[in-house]
Amino acid sequence: MRNIKALGAVTLSLALAACDMAPKYVRPELPVPATTPQGDAYATDGGAGAIVPADTAWRDFFTDARLQRVIETALANNRDLRVSLANVEQARAQYKVQRADLLPTVGATGTATYSEQPLVQFGQAQRLNTDVYQAQVGISAWEIDLFGRVRNLTKAAQEQYFAARENRNAAQTALIAETANAWLTLAADRERLRIATDLEKAFGQTLDLTKARFGRGIASELDVRQAQTSYDSARSDIAQATTLVAQDINALTLLAGTSLAESDLPDGFPATDATIDNLPAGIASDVLLRRPDIAAAEHQLLGANANIGAARAAFFPQISLTAALGTVSLGLSGLFKSGSDSWSVAPSATLPIFDFGRNKGNLRYAKATYDAMLATYEKSVQTGFREVADGLARRGTMTQQMEAQTSLRDSARVAYTLSEARFRAGVDGFLTTLDSQRSLSTAEQSLLATRLTRASNMVELYRAMGGGLK
């Protein structure tokens, strides 16, 4: 017993003093400028109290109560997110399996051996019956991790688990953004349907008036045909918008993972912003490190670094230990009596001599994998930087574009009203009215598209800046 305790103490001391063959990890420098770009396309002031999406819960960022309920439904029911959750559980289970190799597996065994052998004694043949009972508790082939091979494999499995968890977070952020964009697209298409319906009504009245004037010989058949084209164009827009609305609902239902209440769907484009608009004009590049996809890429890099350590350790001896403590007796009744105890210790060491380049190949593979993960990490940072910069560039000019499109729509509406009045009074021909009708239709659609772009830009900035997960 004292021998086993001493051996255990020595083994534990060796394990604690074991070296680590993995290279020291140093986070790579960000391969992007220190801050997001500045210039005419970018906003110069984020406003007082500007918030960063990564610090803001999604319930606070998305301010429309209906949109909040739809996002919450999607988070609870979306199947892609469930797959991501299952991937996290798989990675965690694999990490636990690998971590178990750090400690010895203790097992208990009990055996009973019955044998009968011929025995010749004093010239007489006899039969010798022997019954042997044995009970043991011990460990089998436990690797004493002197060079960190098992610890680095465990570290690599842990980083895979962390990466899976960050991928799940990235999937949630993407789902929130996709759901918000789908909801806003539905809102825009329902608004487009309303605009087309209003235009059809207005153009229909103009068509009826033109036909009446034609019947009295005041207008020409060309005027009637031109009025008909505007009316039919509005009818076509209604049909198209109706289809888009149905498809938008289908897309939103798929993201939500279940059917949605009509009360949670927009009846038109919101008059007020559906999101917070007070974002910073520029951000430091290190904020990108908080994006889940970039964090996942760094965990993959850390795992590859640990695998290099495991590959290096394979060049050194692998020391394992098998030990058992138990009791042996020729009778079952004496199995646990004094003096029946037994023990055995069998350390072993394996040193590769000729492996025909296997270990070298594994090490080269581990280093090449690290290089690939490094490039992937840097590309993730650069991609994130561009997405944020693009979003800020779009946001920086949206105010001027919205003002211009709103003024254009208002002017087109007034021009249409005046031209129609002049046509009714017989001052102008219908061609002027036709041009004003088309200009108004185009202006209405352009303003709506600009409003959708502005709202979607805020959603994209939420995602690109690593939107909050709470």
# chains A, B, ... in the order shown; residues from 1 in each chain; ligands from 1

$ closest_atom_pairs --of "stretch 158-264 of chain A" --to "stretch 47-70 of chain A" --cutoff "10 Å" --atoms "only C-alpha atoms" --output "JSON lines"
{"residue": "A:Thr173", "atom": "CA", "partner": "A:Trp58", "partner_atom": "CA", "distance": 9.0}
{"residue": "A:Ile176", "atom": "CA", "partner": "A:Trp58", "partner_atom": "CA", "distance": 8.1}
{"residue": "A:Ala177", "atom": "CA", "partner": "A:Trp58", "partner_atom": "CA", "distance": 9.8}
{"residue": "A:Thr179", "atom": "CA", "partner": "A:Val70", "partner_atom": "CA", "distance": 7.7}
{"residue": "A:Ala180", "atom": "CA", "partner": "A:Leu67", "partner_atom": "CA", "distance": 6.9}
{"residue": "A:Trp183", "atom": "CA", "partner": "A:Leu67", "partner_atom": "CA", "distance": 7.1}
{"residue": "A:Leu184", "atom": "CA", "partner": "A:Leu67", "partner_atom": "CA", "distance": 8.8}
{"residue": "A:Leu252", "atom": "CA", "partner": "A:Val70", "partner_atom": "CA", "distance": 8.8}
{"residue": "A:Thr253", "atom": "CA", "partner": "A:Val70", "partner_atom": "CA", "distance": 9.4}
{"residue": "A:Leu255", "atom": "CA", "partner": "A:Val70", "partner_atom": "CA", "distance": 9.4}
{"residue": "A:Ala256", "atom": "CA", "partner": "A:Val70", "partner_atom": "CA", "distance": 6.9}
{"residue": "A:Leu260", "atom": "CA", "partner": "A:Val70", "partner_atom": "CA", "distance": 7.4}
{"residue": "A:Ala261", "atom": "CA", "partner": "A:Val70", "partner_atom": "CA", "distance": 9.0}
{"residue": "A:Glu262", "atom": "CA", "partner": "A:Arg66", "partner_atom": "CA", "distance": 9.9}
{"residue": "A:Ser263", "atom": "CA", "partner": "A:Arg66", "partner_atom": "CA", "distance": 7.5}
{"residue": "A:Asp264", "atom": "CA", "partner": "A:Arg66", "partner_atom": "CA", "distance": 4.6}

$ select_by_dssp --residues "stretch 144-348 of chain A" --states "helix (DSSP H, G or I)" --output "count of residues only"
137

$ residues_around --residues "A:Ala324" --least-positions-apart "4" --cutoff "10 Å" --atoms "only C-alpha atoms" --output "ChimeraX atom specification"
/A:4,106-109,135-140,342-346

$ write_last_selection --atoms "N, CA, C and O atoms" --output "compact mmCIF listing (two decimals), in the first residue's frame"
# COMPACT_ATOMS: atom_id res chain seq x y z
N ILE A 4 2.27 1.92 -3.43
CA ILE A 4 1.32 2.51 -4.38
C ILE A 4 1.13 3.99 -4.08
O ILE A 4 1.06 4.83 -4.98
N VAL A 106 -10.69 4.70 -13.26
CA VAL A 106 -10.64 3.71 -12.19
C VAL A 106 -11.77 2.71 -12.40
O VAL A 106 -12.93 3.10 -12.58
N GLY A 107 -11.39 1.43 -12.40
CA GLY A 107 -12.37 0.38 -12.60
C GLY A 107 -12.23 -0.71 -11.57
O GLY A 107 -11.15 -0.92 -11.00
N ALA A 108 -13.31 -1.39 -11.31
CA ALA A 108 -13.32 -2.51 -10.36
C ALA A 108 -13.62 -3.79 -11.12
O ALA A 108 -14.49 -3.80 -12.00
N THR A 109 -12.89 -4.83 -10.80
CA THR A 109 -13.11 -6.14 -11.44
C THR A 109 -13.18 -7.21 -10.36
O THR A 109 -12.55 -7.11 -9.30
N ALA A 135 -10.62 -9.90 -6.37
CA ALA A 135 -11.30 -8.60 -6.51
C ALA A 135 -10.24 -7.52 -6.57
O ALA A 135 -9.32 -7.50 -5.74
N GLN A 136 -10.36 -6.61 -7.55
CA GLN A 136 -9.34 -5.58 -7.74
C GLN A 136 -9.98 -4.23 -8.09
O GLN A 136 -11.05 -4.17 -8.70
N VAL A 137 -9.31 -3.16 -7.69
CA VAL A 137 -9.62 -1.80 -8.11
C VAL A 137 -8.33 -1.22 -8.67
O VAL A 137 -7.28 -1.28 -8.02
N GLY A 138 -8.40 -0.69 -9.90
CA GLY A 138 -7.16 -0.18 -10.48
C GLY A 138 -7.39 0.69 -11.69
O GLY A 138 -8.52 0.98 -12.07
N ILE A 139 -6.28 1.09 -12.27
CA ILE A 139 -6.30 1.92 -13.48
C ILE A 139 -5.56 1.15 -14.57
O ILE A 139 -4.67 0.35 -14.30
N SER A 140 -5.97 1.42 -15.81
CA SER A 140 -5.39 0.68 -16.92
C SER A 140 -4.88 1.64 -17.99
O SER A 140 -5.65 2.47 -18.51
N SER A 342 -3.42 -7.83 -2.38
CA SER A 342 -2.43 -7.94 -3.46
C SER A 342 -2.38 -6.61 -4.20
O SER A 342 -3.33 -5.83 -4.18
N TRP A 343 -1.26 -6.33 -4.85
CA TRP A 343 -1.15 -5.14 -5.66
C TRP A 343 -0.17 -5.38 -6.80
O TRP A 343 0.68 -6.28 -6.74
N SER A 344 -0.34 -4.59 -7.84
CA SER A 344 0.56 -4.68 -8.99
C SER A 344 0.68 -3.32 -9.63
O SER A 344 -0.27 -2.55 -9.66
N VAL A 345 1.86 -3.00 -10.11
CA VAL A 345 2.13 -1.75 -10.82
C VAL A 345 2.93 -2.07 -12.06
O VAL A 345 3.93 -2.81 -11.99
N ALA A 346 2.48 -1.53 -13.21
CA ALA A 346 3.16 -1.83 -14.47
C ALA A 346 3.30 -0.56 -15.29
O ALA A 346 2.48 -0.28 -16.18

$ atom_distance --atom1 "atom CA of A:Asp273" --atom2 "atom CA of A:Asp189"
16.7 Å

$ closest_residue --among "A:Ala313, A:Leu30, A:Val132, A:Leu222" --to "A:Ser115" --atoms "only C-alpha atoms"
A:Val132

$ atom_distance --atom1 "atom CA of A:Ala182" --atom2 "atom CA of A:Ala251"
7.1 Å
